[in-house]
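Structure, as structure tokens:
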Amino acid sequence: MLLPSPRGPFSESVIAALAQRDPQRLIPMEPGDVSDPVADDDLQLALWVCYELHYQGFDDADPTWEWQPELISVRRSFEAALLDALREQAVFPVSGRPVHHRLTDLVDSADGPSLSRHIQRHADLAQLREVVIHRSAYQLKEADPHTWAIPRLTGRAKAALVEVQADEYGGGDPDRMHSELYRGLMRGLGLDDSYGAYIDVVAGTGLAVSNVMSMFGLRRDLRGALVGHLAAYEMTSSQPCRRYAKALRRLGGNDDTCRFYDEHVVADALHEQLAMHDLCGNLVEQEPDQTEMIMFGAATSLYVDSRFAEQVLASWECGRSSLFRWQTAGRVVA
């Protein structure tokens, strides 16, 4: 994978610094530089590039820059802007109820637009492909951000997370890894299944879905948020995947193409219980001070996914593609 095309001054500074191995090209973000960090294409791409150094990296970037001090400093300025916005917008009620009840109440009260219902009932094949492209920013490395929590947990909470993640990685069978099932979905839809192939067209909100997990995973101080994020993610995945599978079959998809969604209908129903009770419940028993951080992570998962759905549906309502397009110097990247 090569470095993507920049979308503004911050992503341009990060990409240029990596390409030229020159930390002086980096531009830190100041408070107020962006009005809506969750949807800001430039900020989200800059963060995604920073985080990708911890995953597969780029063929045209020095791998030792994963921990380059100036880059980490600039990345923290991006994270500060995003975290401030999430703390303001990803709100949740405070109560003395057990954490699994609070998580259930939070998920049940979510009132964002349902992208999966629209896909099931109304989407054409081009729109379904767009969603699959956006989601590929995370799904082609599915489970990896949450795995970073394993060495940061102990006891039964750690064991519960390992149990969930073992399923995500196919129980040792590489063909059953969820990231590989997603590649099968992409191939079935006639899409390029290579890692990072569509980053230049994934919308900022689509990148944010992936970036939030990476930010929580890379920072030990946010381990509770990562656990809460995983719980909310699993609690809200099974039914949408059922709808996506119905939509795909309505549009002519076969069982092989639908395998990714079919697997998640079953797996995530089990993971929901493990994440709520065995993971979050035991973490709260061991570290009661992580309770509100767990709830913040869960609220963030719901909020960012809602923002993504809003952006996609708003684009379609206006009769245009939801994929990112950037006009620069007479050239459209799309």
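Going by the structure tokens order, chains are called A, B, ..., each with residues numbered from 1, while ligands are numbered from 1 in the order shown.
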
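Excluding Glu70 (chain A) itself and same-chain residues fewer than 2 positions from it, the residues having an atom within 8 Å of it are Pro23, Leu26, Gln68, Ile72, Ser73 and Val74 of chain A, counting only C-alpha atoms.
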
Worksheet item: Neighbours of Arg249 (chain A) within 12 Å (only C-alpha atoms; same-chain residues fewer than 4 positions away dropped), as JSON, numbers by chain?
Response: {"A": [119, 120, 121, 124, 125, 128, 188, 189, 242, 243, 244, 245, 253, 254, 255, 256, 257, 258, 259, 261, 262]}

Dump as a short mmCIF file (atom, residue, chain, number, x, y, z; two decimals), in the first residue's frame, selection limited to C-alpha atoms:
data_model
loop_
_atom_site.label_atom_id
_atom_site.label_comp_id
_atom_site.auth_asym_id
_atom_site.auth_seq_id
_atom_site.Cartn_x
_atom_site.Cartn_y
_atom_site.Cartn_z
CA ILE A 119 -29.88 -0.88 2.51
CA GLN A 120 -32.25 -3.80 3.12
CA ARG A 121 -35.30 -2.08 1.65
CA ASP A 124 -29.28 -0.61 -5.30
CA LEU A 125 -26.08 -2.53 -5.93
CA LEU A 128 -24.29 -1.35 -1.28
CA GLY A 188 -18.25 -11.09 -4.78
CA LEU A 189 -19.26 -7.48 -5.39
CA ARG A 242 -28.91 -9.79 8.97
CA ARG A 243 -30.36 -6.85 7.02
CA TYR A 244 -27.26 -6.50 4.86
CA ALA A 245 -27.42 -10.21 4.05
CA GLY A 253 -25.63 -12.19 -4.04
CA ASN A 254 -24.93 -15.87 -3.40
CA ASP A 255 -24.11 -17.65 -0.15
CA ASP A 256 -20.35 -17.24 -0.62
CA THR A 257 -20.68 -13.48 -1.05
CA CYS A 258 -23.05 -13.26 1.94
CA ARG A 259 -20.81 -15.34 4.19
CA TYR A 261 -22.75 -11.07 7.04
CA ASP A 262 -24.14 -14.53 7.83
#

May I have a table of the residues of region 165-247 of chain A lying at most 8 Å from region 298-304 of chain A, giving each one's closest pair of atoms and their distance in Å to one decimal, counting only C-alpha atoms, ordered by chain and ascending residue number, as CSV?
residue,atom,partner,partner_atom,distance
A:Thr205,CA,A:Val304,CA,7.3
A:Ala208,CA,A:Val304,CA,7.0
A:Val209,CA,A:Val304,CA,6.1
A:Ala225,CA,A:Ala298,CA,7.0
A:Gly228,CA,A:Ala298,CA,4.5
A:His229,CA,A:Ala298,CA,4.3
A:Leu230,CA,A:Ala298,CA,7.4
A:Ala231,CA,A:Ala298,CA,6.7
A:Ala232,CA,A:Ala298,CA,5.0
A:Tyr233,CA,A:Ser301,CA,6.6

Can you write out the residues you just picked, keeping N, CA and C atoms, as an mmCIF file, in the first residue's frame?
data_model
loop_
_atom_site.group_PDB
_atom_site.id
_atom_site.type_symbol
_atom_site.label_atom_id
_atom_site.label_comp_id
_atom_site.auth_asym_id
_atom_site.auth_seq_id
_atom_site.Cartn_x
_atom_site.Cartn_y
_atom_site.Cartn_z
ATOM 1 N N THR A 205 -16.024 10.427 7.717
ATOM 2 C CA THR A 205 -16.750 9.717 8.770
ATOM 3 C C THR A 205 -16.467 8.228 8.732
ATOM 4 N N ALA A 208 -13.234 7.854 10.394
ATOM 5 C CA ALA A 208 -13.401 8.061 11.833
ATOM 6 C C ALA A 208 -13.826 6.787 12.543
ATOM 7 N N VAL A 209 -14.669 5.972 11.898
ATOM 8 C CA VAL A 209 -15.082 4.701 12.491
ATOM 9 C C VAL A 209 -13.855 3.863 12.836
ATOM 10 N N ALA A 225 -12.371 2.665 27.446
ATOM 11 C CA ALA A 225 -13.144 3.117 26.286
ATOM 12 C C ALA A 225 -13.093 2.080 25.173
ATOM 13 N N GLY A 228 -15.479 -0.707 26.161
ATOM 14 C CA GLY A 228 -16.855 -0.274 25.970
ATOM 15 C C GLY A 228 -17.221 -0.157 24.503
ATOM 16 N N HIS A 229 -16.273 0.306 23.697
ATOM 17 C CA HIS A 229 -16.502 0.394 22.251
ATOM 18 C C HIS A 229 -16.796 -0.985 21.676
ATOM 19 N N LEU A 230 -15.991 -1.969 22.058
ATOM 20 C CA LEU A 230 -16.199 -3.325 21.562
ATOM 21 C C LEU A 230 -17.571 -3.849 21.973
ATOM 22 N N ALA A 231 -17.966 -3.594 23.213
ATOM 23 C CA ALA A 231 -19.269 -4.066 23.681
ATOM 24 C C ALA A 231 -20.392 -3.477 22.836
ATOM 25 N N ALA A 232 -20.368 -2.166 22.622
ATOM 26 C CA ALA A 232 -21.417 -1.529 21.824
ATOM 27 C C ALA A 232 -21.374 -2.019 20.385
ATOM 28 N N TYR A 233 -20.169 -2.218 19.867
ATOM 29 C CA TYR A 233 -20.016 -2.694 18.491
ATOM 30 C C TYR A 233 -20.666 -4.070 18.329
#

Item to complete: Extract, using only C-alpha atoms, all DNA, RNA and protein residues at most 12 Å from Trp148 (chain A), discarding same-chain residues fewer than 6 positions from it, and format them as number ranges by chain.
Response: A: 54-55, 158, 161-162, 165, 213-220, 222-224, 226-227, 230

Worksheet entry | A:Ser179, A:Ser116, A:Ser95, A:Gln290 ranked by distance to Ala309 (chain A), top pick (using only C-alpha atoms) | A:Ser116

Practice prompt. Based on DSSP run over this structure's backbone, return all residues of region 86-265 of chain A in helix (DSSP H, G or I), as a PyMOL selection string.
Written response: chain A and resi 86-89+99-109+115-121+125-139+144-147+150-152+155-168+170-172+174-176+178-188+199-201+204-218+220-235+238-250+255-265

Could you turn the residues from that selection into a file that holds C-alpha atoms, as a short mmCIF file (atom, residue, chain, number, x, y, z; two decimals), in the first residue's frame?
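part-v4.cif, freshly written:
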data_model
loop_
_atom_site.label_atom_id
_atom_site.label_comp_id
_atom_site.auth_asym_id
_atom_site.auth_seq_id
_atom_site.Cartn_x
_atom_site.Cartn_y
_atom_site.Cartn_z
CA LEU A 86 -16.33 13.11 21.27
CA ARG A 87 -16.52 14.07 24.94
CA GLU A 88 -18.92 16.84 24.00
CA GLN A 89 -21.09 14.86 21.58
CA VAL A 99 -22.63 -1.69 33.69
CA HIS A 100 -24.37 -4.33 31.54
CA HIS A 101 -27.73 -2.68 32.25
CA ARG A 102 -26.31 0.73 31.41
CA LEU A 103 -24.89 -0.57 28.14
CA THR A 104 -28.25 -2.11 27.23
CA ASP A 105 -30.08 1.13 28.07
CA LEU A 106 -27.62 3.13 25.99
CA VAL A 107 -27.98 0.88 22.93
CA ASP A 108 -31.77 0.75 23.28
CA SER A 109 -31.98 4.54 23.43
CA LEU A 115 -28.32 2.65 7.34
CA SER A 116 -28.89 -1.11 7.37
CA ARG A 117 -32.68 -0.72 7.11
CA HIS A 118 -32.28 1.58 4.12
CA ILE A 119 -29.88 -0.88 2.51
CA GLN A 120 -32.25 -3.80 3.12
CA ARG A 121 -35.30 -2.08 1.65
CA LEU A 125 -26.08 -2.53 -5.93
CA ALA A 126 -24.00 0.63 -6.41
CA GLN A 127 -25.05 1.95 -3.00
CA LEU A 128 -24.29 -1.35 -1.28
CA ARG A 129 -20.86 -1.33 -2.91
CA GLU A 130 -20.25 2.18 -1.56
CA VAL A 131 -20.96 1.09 2.01
CA VAL A 132 -18.69 -1.93 1.62
CA ILE A 133 -15.93 0.36 0.32
CA HIS A 134 -16.28 2.76 3.27
CA ARG A 135 -16.30 -0.10 5.78
CA SER A 136 -13.18 -1.66 4.25
CA ALA A 137 -11.05 0.95 6.06
CA TYR A 138 -11.69 -1.08 9.22
CA GLN A 139 -13.06 -4.46 8.15
CA ASP A 144 -6.87 -5.75 15.32
CA PRO A 145 -7.51 -2.48 17.25
CA HIS A 146 -9.40 -4.28 20.03
CA THR A 147 -6.66 -6.90 20.35
CA ILE A 150 -5.42 -7.91 25.72
CA PRO A 151 -2.07 -7.13 27.45
CA ARG A 152 -3.77 -4.26 29.31
CA GLY A 155 -8.05 -12.15 34.95
CA ARG A 156 -11.50 -12.97 33.65
CA ALA A 157 -11.80 -9.75 31.65
CA LYS A 158 -8.66 -10.68 29.73
CA ALA A 159 -9.88 -14.24 29.16
CA ALA A 160 -13.23 -12.96 27.86
CA LEU A 161 -11.56 -10.66 25.37
CA VAL A 162 -9.30 -13.46 24.15
CA GLU A 163 -12.38 -15.64 23.62
CA VAL A 164 -14.06 -12.96 21.51
CA GLN A 165 -10.93 -12.22 19.52
CA ALA A 166 -10.23 -15.89 18.84
CA ASP A 167 -13.54 -16.06 16.99
CA GLU A 168 -12.72 -12.88 15.10
CA GLY A 170 -11.29 -17.66 12.73
CA GLY A 171 -10.31 -19.89 15.63
CA GLY A 172 -6.96 -20.50 13.99
CA PRO A 174 -7.10 -18.21 8.25
CA ASP A 175 -9.95 -18.71 5.77
CA ARG A 176 -12.48 -18.04 8.55
CA HIS A 178 -13.45 -12.10 9.59
CA SER A 179 -11.11 -9.88 7.62
CA GLU A 180 -10.78 -12.68 5.05
CA LEU A 181 -14.55 -13.13 4.92
CA TYR A 182 -14.78 -9.42 4.14
CA ARG A 183 -12.37 -9.89 1.27
CA GLY A 184 -14.70 -12.56 -0.06
CA LEU A 185 -17.59 -10.11 0.19
CA MET A 186 -15.62 -7.50 -1.75
CA ARG A 187 -14.64 -9.95 -4.47
CA GLY A 188 -18.25 -11.09 -4.78
CA ILE A 199 -8.61 4.82 1.10
CA ASP A 200 -8.61 7.74 -1.35
CA VAL A 201 -12.42 7.55 -1.60
CA GLY A 204 -14.00 11.22 6.63
CA THR A 205 -16.75 9.72 8.77
CA GLY A 206 -15.83 6.28 7.43
CA LEU A 207 -12.22 6.86 8.42
CA ALA A 208 -13.40 8.06 11.83
CA VAL A 209 -15.08 4.70 12.49
CA SER A 210 -11.66 3.05 12.16
CA ASN A 211 -9.66 5.86 13.78
CA VAL A 212 -11.62 5.87 17.02
CA MET A 213 -10.81 2.20 17.57
CA SER A 214 -7.14 2.77 16.81
CA MET A 215 -6.95 5.76 19.15
CA PHE A 216 -8.55 3.80 22.00
CA GLY A 217 -6.37 0.76 21.28
CA LEU A 218 -3.04 2.55 21.15
CA ARG A 220 -3.56 2.50 27.69
CA ASP A 221 -5.33 5.38 29.42
CA LEU A 222 -8.29 4.72 27.09
CA ARG A 223 -8.42 0.94 27.60
CA GLY A 224 -11.83 1.17 29.26
CA ALA A 225 -13.14 3.12 26.29
CA LEU A 226 -11.82 0.42 23.96
CA VAL A 227 -13.62 -2.29 25.93
CA GLY A 228 -16.85 -0.27 25.97
CA HIS A 229 -16.50 0.39 22.25
CA LEU A 230 -16.20 -3.32 21.56
CA ALA A 231 -19.27 -4.07 23.68
CA ALA A 232 -21.42 -1.53 21.82
CA TYR A 233 -20.02 -2.69 18.49
CA GLU A 234 -20.98 -6.30 19.20
CA MET A 235 -24.37 -5.34 20.65
CA SER A 238 -26.04 -8.85 14.57
CA GLN A 239 -29.31 -7.37 13.32
CA PRO A 240 -27.72 -4.93 10.84
CA CYS A 241 -25.69 -7.82 9.38
CA ARG A 242 -28.91 -9.79 8.97
CA ARG A 243 -30.36 -6.85 7.02
CA TYR A 244 -27.26 -6.50 4.86
CA ALA A 245 -27.42 -10.21 4.05
CA LYS A 246 -31.06 -9.90 3.00
CA ALA A 247 -30.23 -6.89 0.85
CA LEU A 248 -27.32 -8.66 -0.81
CA ARG A 249 -29.46 -11.68 -1.64
CA ARG A 250 -32.19 -9.39 -2.96
CA ASP A 255 -24.11 -17.65 -0.15
CA ASP A 256 -20.35 -17.24 -0.62
CA THR A 257 -20.68 -13.48 -1.05
CA CYS A 258 -23.05 -13.26 1.94
CA ARG A 259 -20.81 -15.34 4.19
CA PHE A 260 -19.32 -12.34 5.99
CA TYR A 261 -22.75 -11.07 7.04
CA ASP A 262 -24.14 -14.53 7.83
CA GLU A 263 -21.17 -15.25 10.12
CA HIS A 264 -21.72 -12.04 12.08
CA VAL A 265 -25.42 -12.70 12.62
#

Tell me, counting only C-alpha atoms, for each residue of region 52-96 of chain A within 7 Å of region 35-45 of chain A, which pair of atoms is nearest and how far apart they are in Å to one decimal, in rows ordered by chain and increasing number, as a tab-separated table.
residue	atom	partner	partner_atom	distance
A:Phe78	CA	A:Leu43	CA	6.9
A:Ala81	CA	A:Pro37	CA	6.5
A:Leu82	CA	A:Pro37	CA	5.4
A:Ala85	CA	A:Pro37	CA	6.6

For the selection just defined, write its residues with C-alpha atoms to a file, as a PDB file, in the first residue's frame.
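Listing of again_28.pdb after writing:
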ATOM      1  CA  PHE A  78      -5.058  15.525  16.223  1.00  0.00           C
ATOM      2  CA  ALA A  81      -9.232  17.698  18.811  1.00  0.00           C
ATOM      3  CA  LEU A  82     -11.104  14.461  18.180  1.00  0.00           C
ATOM      4  CA  ALA A  85     -15.421  16.635  20.179  1.00  0.00           C
TER       5      ALA A  85
END

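Closest to Asp33 (chain A) among A:Tyr51, A:Ser77, A:Thr236, A:Ala197 is A:Ser77, based on only C-alpha atoms.
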